[in-house]
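Containing compact mmCIF, N, CA and C atoms: model.txt.
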# COMPACT_ATOMS: atom_id res chain seq x y z
N MET Q 15 -20.98 -39.19 21.98
CA MET Q 15 -20.80 -38.96 20.56
C MET Q 15 -20.19 -37.58 20.36
N LYS Q 16 -19.36 -37.46 19.32
CA LYS Q 16 -18.69 -36.22 18.99
C LYS Q 16 -19.21 -35.71 17.65
N ALA Q 17 -19.46 -34.43 17.55
CA ALA Q 17 -19.90 -33.81 16.29
C ALA Q 17 -18.83 -32.83 15.84
N VAL Q 18 -18.53 -32.85 14.55
CA VAL Q 18 -17.56 -31.93 13.99
C VAL Q 18 -18.28 -31.06 12.97
N LEU Q 19 -18.24 -29.76 13.17
CA LEU Q 19 -18.87 -28.81 12.25
C LEU Q 19 -17.79 -28.00 11.56
N GLU Q 20 -17.80 -27.99 10.25
CA GLU Q 20 -16.91 -27.12 9.49
C GLU Q 20 -17.75 -25.98 8.95
N ILE Q 21 -17.41 -24.78 9.38
CA ILE Q 21 -18.24 -23.63 9.03
C ILE Q 21 -17.41 -22.51 8.44
N GLY Q 22 -18.07 -21.66 7.72
CA GLY Q 22 -17.46 -20.45 7.17
C GLY Q 22 -17.98 -19.24 7.91
N ILE Q 23 -17.44 -18.09 7.60
CA ILE Q 23 -17.82 -16.86 8.29
C ILE Q 23 -19.30 -16.56 8.12
N LYS Q 24 -19.89 -16.94 7.00
CA LYS Q 24 -21.32 -16.67 6.76
C LYS Q 24 -22.22 -17.59 7.59
N ASP Q 25 -21.64 -18.64 8.16
CA ASP Q 25 -22.43 -19.57 8.96
C ASP Q 25 -22.55 -19.14 10.42
N LEU Q 26 -21.87 -18.07 10.78
CA LEU Q 26 -21.93 -17.58 12.16
C LEU Q 26 -23.19 -16.74 12.32
N ASN Q 27 -24.28 -17.41 12.68
CA ASN Q 27 -25.55 -16.72 12.85
C ASN Q 27 -26.41 -17.50 13.85
N ILE Q 28 -27.64 -17.13 13.98
CA ILE Q 28 -28.54 -17.74 14.96
C ILE Q 28 -28.78 -19.21 14.65
N HIS Q 29 -28.69 -19.59 13.38
CA HIS Q 29 -28.91 -20.99 13.01
C HIS Q 29 -27.84 -21.90 13.59
N LEU Q 30 -26.63 -21.39 13.73
CA LEU Q 30 -25.56 -22.16 14.35
C LEU Q 30 -25.91 -22.47 15.80
N VAL Q 31 -26.44 -21.50 16.49
CA VAL Q 31 -26.86 -21.71 17.88
C VAL Q 31 -27.97 -22.75 17.95
N GLU Q 32 -28.88 -22.72 17.00
CA GLU Q 32 -29.96 -23.70 16.95
C GLU Q 32 -29.42 -25.10 16.71
N ILE Q 33 -28.43 -25.21 15.83
CA ILE Q 33 -27.81 -26.51 15.55
C ILE Q 33 -27.11 -27.04 16.80
N LEU Q 34 -26.35 -26.17 17.45
CA LEU Q 34 -25.66 -26.58 18.68
C LEU Q 34 -26.65 -27.04 19.74
N SER Q 35 -27.72 -26.30 19.90
CA SER Q 35 -28.74 -26.66 20.88
C SER Q 35 -29.34 -28.04 20.56
N ALA Q 36 -29.63 -28.28 19.28
CA ALA Q 36 -30.19 -29.57 18.88
C ALA Q 36 -29.20 -30.71 19.14
N LEU Q 37 -27.93 -30.47 18.87
CA LEU Q 37 -26.91 -31.49 19.11
C LEU Q 37 -26.80 -31.83 20.59
N PHE Q 38 -26.80 -30.81 21.43
CA PHE Q 38 -26.68 -31.05 22.87
C PHE Q 38 -27.90 -31.74 23.45
N GLN Q 39 -29.04 -31.63 22.80
CA GLN Q 39 -30.25 -32.31 23.27
C GLN Q 39 -30.24 -33.78 22.88
N GLN Q 40 -29.31 -34.16 22.02
CA GLN Q 40 -29.19 -35.57 21.63
C GLN Q 40 -28.02 -36.19 22.38
N ASP Q 41 -27.41 -37.17 21.81
CA ASP Q 41 -26.32 -37.90 22.45
C ASP Q 41 -24.95 -37.25 22.28
N VAL Q 42 -24.90 -36.04 21.80
CA VAL Q 42 -23.62 -35.39 21.53
C VAL Q 42 -23.06 -34.83 22.83
N THR Q 43 -21.81 -35.22 23.14
CA THR Q 43 -21.16 -34.75 24.37
C THR Q 43 -20.05 -33.76 24.06
N GLU Q 44 -19.66 -33.70 22.79
CA GLU Q 44 -18.57 -32.81 22.39
C GLU Q 44 -18.84 -32.28 20.99
N VAL Q 45 -18.63 -30.99 20.80
CA VAL Q 45 -18.79 -30.36 19.48
C VAL Q 45 -17.49 -29.66 19.13
N VAL Q 46 -16.92 -30.02 17.99
CA VAL Q 46 -15.71 -29.38 17.50
C VAL Q 46 -16.12 -28.51 16.32
N ILE Q 47 -15.75 -27.24 16.39
CA ILE Q 47 -16.07 -26.31 15.31
C ILE Q 47 -14.76 -25.91 14.64
N ARG Q 48 -14.70 -26.16 13.33
CA ARG Q 48 -13.51 -25.83 12.55
C ARG Q 48 -13.88 -24.86 11.44
N LYS Q 49 -12.94 -24.02 11.14
CA LYS Q 49 -13.14 -23.10 10.03
C LYS Q 49 -13.01 -23.88 8.72
N ASN Q 50 -13.91 -23.59 7.78
CA ASN Q 50 -13.82 -24.21 6.45
C ASN Q 50 -12.47 -23.89 5.82
N THR Q 51 -11.92 -24.85 5.15
CA THR Q 51 -10.68 -24.58 4.43
C THR Q 51 -11.01 -24.22 3.00
N ILE Q 52 -10.22 -23.35 2.45
CA ILE Q 52 -10.42 -22.91 1.07
C ILE Q 52 -9.40 -23.63 0.20
N LYS Q 53 -9.90 -24.28 -0.83
CA LYS Q 53 -9.02 -24.99 -1.75
C LYS Q 53 -8.70 -24.06 -2.92
N LEU Q 54 -7.42 -23.74 -3.06
CA LEU Q 54 -6.99 -22.88 -4.15
C LEU Q 54 -6.44 -23.73 -5.29
N GLU Q 55 -6.78 -23.35 -6.47
CA GLU Q 55 -6.28 -24.05 -7.65
C GLU Q 55 -5.57 -23.04 -8.54
N GLU Q 56 -4.58 -23.51 -9.27
CA GLU Q 56 -3.87 -22.63 -10.18
C GLU Q 56 -4.82 -22.20 -11.30
N PHE Q 57 -4.74 -20.93 -11.64
CA PHE Q 57 -5.60 -20.38 -12.68
C PHE Q 57 -5.17 -20.93 -14.04
N ASP Q 58 -6.13 -21.30 -14.85
CA ASP Q 58 -5.87 -21.83 -16.19
C ASP Q 58 -5.79 -20.66 -17.16
N LYS Q 59 -4.57 -20.24 -17.49
CA LYS Q 59 -4.41 -19.06 -18.33
C LYS Q 59 -4.73 -19.31 -19.80
N THR Q 60 -5.07 -20.54 -20.14
CA THR Q 60 -5.50 -20.81 -21.51
C THR Q 60 -6.97 -20.43 -21.73
N LEU Q 61 -7.67 -20.13 -20.64
CA LEU Q 61 -9.07 -19.72 -20.76
C LEU Q 61 -9.16 -18.35 -21.41
N ASN Q 62 -10.14 -18.18 -22.24
CA ASN Q 62 -10.37 -16.92 -22.93
C ASN Q 62 -11.10 -15.96 -21.98
N ILE Q 63 -10.63 -14.70 -21.92
CA ILE Q 63 -11.25 -13.70 -21.03
C ILE Q 63 -12.74 -13.55 -21.33
N GLU Q 64 -13.10 -13.52 -22.59
CA GLU Q 64 -14.52 -13.35 -22.96
C GLU Q 64 -15.37 -14.51 -22.45
N ASP Q 65 -14.84 -15.72 -22.50
CA ASP Q 65 -15.57 -16.89 -22.00
C ASP Q 65 -15.76 -16.81 -20.49
N ILE Q 66 -14.71 -16.37 -19.81
CA ILE Q 66 -14.80 -16.23 -18.34
C ILE Q 66 -15.85 -15.19 -17.98
N MET Q 67 -15.80 -14.05 -18.65
CA MET Q 67 -16.74 -12.97 -18.35
C MET Q 67 -18.17 -13.39 -18.67
N SER Q 68 -18.35 -14.10 -19.75
CA SER Q 68 -19.68 -14.58 -20.11
C SER Q 68 -20.24 -15.51 -19.04
N SER Q 69 -19.39 -16.39 -18.54
CA SER Q 69 -19.81 -17.31 -17.49
C SER Q 69 -20.19 -16.56 -16.21
N LEU Q 70 -19.39 -15.55 -15.86
CA LEU Q 70 -19.69 -14.77 -14.66
C LEU Q 70 -21.00 -13.99 -14.82
N LYS Q 71 -21.25 -13.46 -16.01
CA LYS Q 71 -22.50 -12.74 -16.28
C LYS Q 71 -23.71 -13.67 -16.15
N GLU Q 72 -23.56 -14.90 -16.64
CA GLU Q 72 -24.65 -15.87 -16.55
C GLU Q 72 -25.02 -16.19 -15.10
N HIS Q 73 -24.06 -16.06 -14.21
CA HIS Q 73 -24.31 -16.33 -12.80
C HIS Q 73 -24.85 -15.11 -12.06
N GLY Q 74 -25.07 -14.01 -12.79
CA GLY Q 74 -25.75 -12.85 -12.23
C GLY Q 74 -24.91 -11.93 -11.38
N HIS Q 75 -23.59 -11.90 -11.61
CA HIS Q 75 -22.74 -11.00 -10.83
C HIS Q 75 -22.97 -9.55 -11.23
N ASN Q 76 -22.74 -8.66 -10.29
CA ASN Q 76 -22.91 -7.23 -10.45
C ASN Q 76 -22.03 -6.69 -11.58
N GLU Q 77 -22.56 -5.78 -12.37
CA GLU Q 77 -21.85 -5.24 -13.54
C GLU Q 77 -20.56 -4.51 -13.15
N LEU Q 78 -20.58 -3.77 -12.04
CA LEU Q 78 -19.36 -3.08 -11.59
C LEU Q 78 -18.27 -4.08 -11.22
N LEU Q 79 -18.66 -5.15 -10.55
CA LEU Q 79 -17.70 -6.20 -10.20
C LEU Q 79 -17.14 -6.84 -11.46
N LEU Q 80 -18.00 -7.12 -12.42
CA LEU Q 80 -17.57 -7.73 -13.67
C LEU Q 80 -16.56 -6.84 -14.41
N ASN Q 81 -16.82 -5.53 -14.41
CA ASN Q 81 -15.89 -4.61 -15.06
C ASN Q 81 -14.53 -4.63 -14.37
N ASP Q 82 -14.54 -4.64 -13.03
CA ASP Q 82 -13.27 -4.69 -12.28
C ASP Q 82 -12.51 -5.98 -12.56
N ILE Q 83 -13.24 -7.09 -12.61
CA ILE Q 83 -12.60 -8.38 -12.89
C ILE Q 83 -11.98 -8.38 -14.28
N GLU Q 84 -12.75 -7.91 -15.26
CA GLU Q 84 -12.25 -7.89 -16.64
C GLU Q 84 -11.02 -7.00 -16.76
N ASN Q 85 -11.06 -5.82 -16.15
CA ASN Q 85 -9.90 -4.92 -16.19
C ASN Q 85 -8.71 -5.55 -15.48
N GLY Q 86 -8.98 -6.25 -14.40
CA GLY Q 86 -7.90 -6.94 -13.68
C GLY Q 86 -7.25 -8.01 -14.53
N PHE Q 87 -8.05 -8.76 -15.24
CA PHE Q 87 -7.50 -9.78 -16.15
C PHE Q 87 -6.63 -9.14 -17.23
N LYS Q 88 -7.15 -8.08 -17.82
CA LYS Q 88 -6.44 -7.45 -18.93
C LYS Q 88 -5.12 -6.81 -18.48
N ASP Q 89 -5.07 -6.36 -17.23
CA ASP Q 89 -3.86 -5.73 -16.69
C ASP Q 89 -2.91 -6.72 -16.02
N SER Q 90 -3.35 -7.97 -15.86
CA SER Q 90 -2.56 -8.93 -15.10
C SER Q 90 -1.42 -9.52 -15.93
N THR Q 91 -0.45 -10.05 -15.22
CA THR Q 91 0.67 -10.71 -15.90
C THR Q 91 0.25 -12.06 -16.48
N ILE Q 92 -0.87 -12.59 -16.01
CA ILE Q 92 -1.34 -13.88 -16.53
C ILE Q 92 -1.55 -13.80 -18.03
N TYR Q 93 -2.23 -12.74 -18.47
CA TYR Q 93 -2.53 -12.63 -19.89
C TYR Q 93 -1.51 -11.80 -20.65
N SER Q 94 -0.74 -10.99 -19.99
CA SER Q 94 0.26 -10.18 -20.71
C SER Q 94 1.43 -11.02 -21.19
N GLU Q 95 1.64 -12.19 -20.57
CA GLU Q 95 2.74 -13.07 -20.96
C GLU Q 95 2.39 -13.98 -22.14
N LEU Q 96 1.14 -13.97 -22.56
CA LEU Q 96 0.72 -14.84 -23.68
C LEU Q 96 1.04 -14.24 -25.02
Kindly return the structure encoded in the file as structure tokens.
Amino acid sequence: MKAVLEIGIKDLNIHLVEILSALFQQDVTEVVIRKNTIKLEEFDKTLNIEDIMSSLKEHGHNELLLNDIENGFKDSTIYSEL
């Protein structure tokens, strides 16, 4: 049997070794490890900056990060062209 693991950089830890060990103790004869792919989507420039920032705040992001994001939006060509 073959196992395919798609992992990200945060998955490289002791738990990965535990998973590999468990797989090898079963019927797995081959393990393929692939890097997770990141799906990029075009930014929806019709979104309101205040709505975006409100959503990010609700998810508990750091205030300094939020300020940088908001300033980045305001200085970007995405919103300057509207």
Got a sec: who's within 5 Å of Q:Ala17, counting only N, CA and C atoms, leaving out chain neighbours fewer than 2 positions off, as a ChimeraX atom specification? /Q:15,19,44-46
As an exercise, work out the distance from atom CA of Q:Asp58 to atom CA of Q:Tyr93 in Å and give it to one decimal place. 10.5 Å
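By chain and then residue number, the residues within 9 Å of stretch 60-63 of chain Q are Phe57, Ile66, Met67, Ser68, Glu84, Phe87, Lys88, Tyr93 and Leu96 of chain Q, counting only C-alpha atoms and disregarding those fewer than 3 positions away in sequence.
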Could you name the residues that touch Q:Ile33 at 12 Å or less, counting only C-alpha atoms, but leaving out those on the same chain fewer than 4 positions away, as a VMD selection string? chain Q and resid 17 to 19 21 25 to 29 37 to 40 42 45 47
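Atom CA of Q:Gly86 to atom N of Q:Glu64 spans 12.2 Å [interatomic distance, one decimal].
Taking all atoms listed in the file into account, Q:Asp41 lies nearest to Q:Lys16 out of the set Q:Lys16, Q:His73, Q:Lys53, Q:Lys24.
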One-decimal distance in Å that lies between atom C of Q:Glu56 and atom CA of Q:Ser90: 14.0 Å
Determine which residues of chain Q receive a DSSP assignment of strand (DSSP E or B), computed from the backbone, and state them as an mmCIF file with N, CA and C atoms, in the coordinates of the input.
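result_23.cif, written as the output of this step:
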data_model
loop_
_atom_site.group_PDB
_atom_site.id
_atom_site.type_symbol
_atom_site.label_atom_id
_atom_site.label_comp_id
_atom_site.auth_asym_id
_atom_site.auth_seq_id
_atom_site.Cartn_x
_atom_site.Cartn_y
_atom_site.Cartn_z
ATOM 1 N N LYS Q 16 -19.360 -37.460 19.320
ATOM 2 C CA LYS Q 16 -18.690 -36.220 18.990
ATOM 3 C C LYS Q 16 -19.210 -35.710 17.650
ATOM 4 N N ALA Q 17 -19.460 -34.430 17.550
ATOM 5 C CA ALA Q 17 -19.900 -33.810 16.290
ATOM 6 C C ALA Q 17 -18.830 -32.830 15.840
ATOM 7 N N VAL Q 18 -18.530 -32.850 14.550
ATOM 8 C CA VAL Q 18 -17.560 -31.930 13.990
ATOM 9 C C VAL Q 18 -18.280 -31.060 12.970
ATOM 10 N N LEU Q 19 -18.240 -29.760 13.170
ATOM 11 C CA LEU Q 19 -18.870 -28.810 12.250
ATOM 12 C C LEU Q 19 -17.790 -28.000 11.560
ATOM 13 N N GLU Q 20 -17.800 -27.990 10.250
ATOM 14 C CA GLU Q 20 -16.910 -27.120 9.490
ATOM 15 C C GLU Q 20 -17.750 -25.980 8.950
ATOM 16 N N ILE Q 21 -17.410 -24.780 9.380
ATOM 17 C CA ILE Q 21 -18.240 -23.630 9.030
ATOM 18 C C ILE Q 21 -17.410 -22.510 8.440
ATOM 19 N N GLU Q 44 -19.660 -33.700 22.790
ATOM 20 C CA GLU Q 44 -18.570 -32.810 22.390
ATOM 21 C C GLU Q 44 -18.840 -32.280 20.990
ATOM 22 N N VAL Q 45 -18.630 -30.990 20.800
ATOM 23 C CA VAL Q 45 -18.790 -30.360 19.480
ATOM 24 C C VAL Q 45 -17.490 -29.660 19.130
ATOM 25 N N VAL Q 46 -16.920 -30.020 17.990
ATOM 26 C CA VAL Q 46 -15.710 -29.380 17.500
ATOM 27 C C VAL Q 46 -16.120 -28.510 16.320
ATOM 28 N N ILE Q 47 -15.750 -27.240 16.390
ATOM 29 C CA ILE Q 47 -16.070 -26.310 15.310
ATOM 30 C C ILE Q 47 -14.760 -25.910 14.640
ATOM 31 N N ARG Q 48 -14.700 -26.160 13.330
ATOM 32 C CA ARG Q 48 -13.510 -25.830 12.550
ATOM 33 C C ARG Q 48 -13.880 -24.860 11.440
ATOM 34 N N LYS Q 49 -12.940 -24.020 11.140
ATOM 35 C CA LYS Q 49 -13.140 -23.100 10.030
ATOM 36 C C LYS Q 49 -13.010 -23.880 8.720
#
Give me the residues near Q:Ile23 as a ChimeraX atom specification, where near means some atom within 12 Å (using only C-alpha atoms) and where sequence neighbours in that chain fewer than 3 positions away do not count. /Q:20,26-27,30,47-52
Extract the full set of alpha helix (DSSP H) residues from chain Q according to DSSP on the backbone, and format it as a compact mmCIF listing (two decimals) with N, CA and C atoms, keeping the file's coordinate frame.
# COMPACT_ATOMS: atom_id res chain seq x y z
N ILE Q 28 -27.64 -17.13 13.98
CA ILE Q 28 -28.54 -17.74 14.96
C ILE Q 28 -28.78 -19.21 14.65
N HIS Q 29 -28.69 -19.59 13.38
CA HIS Q 29 -28.91 -20.99 13.01
C HIS Q 29 -27.84 -21.90 13.59
N LEU Q 30 -26.63 -21.39 13.73
CA LEU Q 30 -25.56 -22.16 14.35
C LEU Q 30 -25.91 -22.47 15.80
N VAL Q 31 -26.44 -21.50 16.49
CA VAL Q 31 -26.86 -21.71 17.88
C VAL Q 31 -27.97 -22.75 17.95
N GLU Q 32 -28.88 -22.72 17.00
CA GLU Q 32 -29.96 -23.70 16.95
C GLU Q 32 -29.42 -25.10 16.71
N ILE Q 33 -28.43 -25.21 15.83
CA ILE Q 33 -27.81 -26.51 15.55
C ILE Q 33 -27.11 -27.04 16.80
N LEU Q 34 -26.35 -26.17 17.45
CA LEU Q 34 -25.66 -26.58 18.68
C LEU Q 34 -26.65 -27.04 19.74
N SER Q 35 -27.72 -26.30 19.90
CA SER Q 35 -28.74 -26.66 20.88
C SER Q 35 -29.34 -28.04 20.56
N ALA Q 36 -29.63 -28.28 19.28
CA ALA Q 36 -30.19 -29.57 18.88
C ALA Q 36 -29.20 -30.71 19.14
N LEU Q 37 -27.93 -30.47 18.87
CA LEU Q 37 -26.91 -31.49 19.11
C LEU Q 37 -26.80 -31.83 20.59
N PHE Q 38 -26.80 -30.81 21.43
CA PHE Q 38 -26.68 -31.05 22.87
C PHE Q 38 -27.90 -31.74 23.45
N ILE Q 63 -10.63 -14.70 -21.92
CA ILE Q 63 -11.25 -13.70 -21.03
C ILE Q 63 -12.74 -13.55 -21.33
N GLU Q 64 -13.10 -13.52 -22.59
CA GLU Q 64 -14.52 -13.35 -22.96
C GLU Q 64 -15.37 -14.51 -22.45
N ASP Q 65 -14.84 -15.72 -22.50
CA ASP Q 65 -15.57 -16.89 -22.00
C ASP Q 65 -15.76 -16.81 -20.49
N ILE Q 66 -14.71 -16.37 -19.81
CA ILE Q 66 -14.80 -16.23 -18.34
C ILE Q 66 -15.85 -15.19 -17.98
N MET Q 67 -15.80 -14.05 -18.65
CA MET Q 67 -16.74 -12.97 -18.35
C MET Q 67 -18.17 -13.39 -18.67
N SER Q 68 -18.35 -14.10 -19.75
CA SER Q 68 -19.68 -14.58 -20.11
C SER Q 68 -20.24 -15.51 -19.04
N SER Q 69 -19.39 -16.39 -18.54
CA SER Q 69 -19.81 -17.31 -17.49
C SER Q 69 -20.19 -16.56 -16.21
N LEU Q 70 -19.39 -15.55 -15.86
CA LEU Q 70 -19.69 -14.77 -14.66
C LEU Q 70 -21.00 -13.99 -14.82
N LYS Q 71 -21.25 -13.46 -16.01
CA LYS Q 71 -22.50 -12.74 -16.28
C LYS Q 71 -23.71 -13.67 -16.15
N GLU Q 72 -23.56 -14.90 -16.64
CA GLU Q 72 -24.65 -15.87 -16.55
C GLU Q 72 -25.02 -16.19 -15.10
N GLU Q 77 -22.56 -5.78 -12.37
CA GLU Q 77 -21.85 -5.24 -13.54
C GLU Q 77 -20.56 -4.51 -13.15
N LEU Q 78 -20.58 -3.77 -12.04
CA LEU Q 78 -19.36 -3.08 -11.59
C LEU Q 78 -18.27 -4.08 -11.22
N LEU Q 79 -18.66 -5.15 -10.55
CA LEU Q 79 -17.70 -6.20 -10.20
C LEU Q 79 -17.14 -6.84 -11.46
N LEU Q 80 -18.00 -7.12 -12.42
CA LEU Q 80 -17.57 -7.73 -13.67
C LEU Q 80 -16.56 -6.84 -14.41
N ASN Q 81 -16.82 -5.53 -14.41
CA ASN Q 81 -15.89 -4.61 -15.06
C ASN Q 81 -14.53 -4.63 -14.37
N ASP Q 82 -14.54 -4.64 -13.03
CA ASP Q 82 -13.27 -4.69 -12.28
C ASP Q 82 -12.51 -5.98 -12.56
N ILE Q 83 -13.24 -7.09 -12.61
CA ILE Q 83 -12.60 -8.38 -12.89
C ILE Q 83 -11.98 -8.38 -14.28
N GLU Q 84 -12.75 -7.91 -15.26
CA GLU Q 84 -12.25 -7.89 -16.64
C GLU Q 84 -11.02 -7.00 -16.76
N ASN Q 85 -11.06 -5.82 -16.15
CA ASN Q 85 -9.90 -4.92 -16.19
C ASN Q 85 -8.71 -5.55 -15.48
N GLY Q 86 -8.98 -6.25 -14.40
CA GLY Q 86 -7.90 -6.94 -13.68
C GLY Q 86 -7.25 -8.01 -14.53
N PHE Q 87 -8.05 -8.76 -15.24
CA PHE Q 87 -7.50 -9.78 -16.15
C PHE Q 87 -6.63 -9.14 -17.23
N LYS Q 88 -7.15 -8.08 -17.82
CA LYS Q 88 -6.44 -7.45 -18.93
C LYS Q 88 -5.12 -6.81 -18.48
N ASP Q 89 -5.07 -6.36 -17.23
CA ASP Q 89 -3.86 -5.73 -16.69
C ASP Q 89 -2.91 -6.72 -16.02
N THR Q 91 -0.45 -10.05 -15.22
CA THR Q 91 0.67 -10.71 -15.90
C THR Q 91 0.25 -12.06 -16.48
N ILE Q 92 -0.87 -12.59 -16.01
CA ILE Q 92 -1.34 -13.88 -16.53
C ILE Q 92 -1.55 -13.80 -18.03
N TYR Q 93 -2.23 -12.74 -18.47
CA TYR Q 93 -2.53 -12.63 -19.89
C TYR Q 93 -1.51 -11.80 -20.65
N SER Q 94 -0.74 -10.99 -19.99
CA SER Q 94 0.26 -10.18 -20.71
C SER Q 94 1.43 -11.02 -21.19
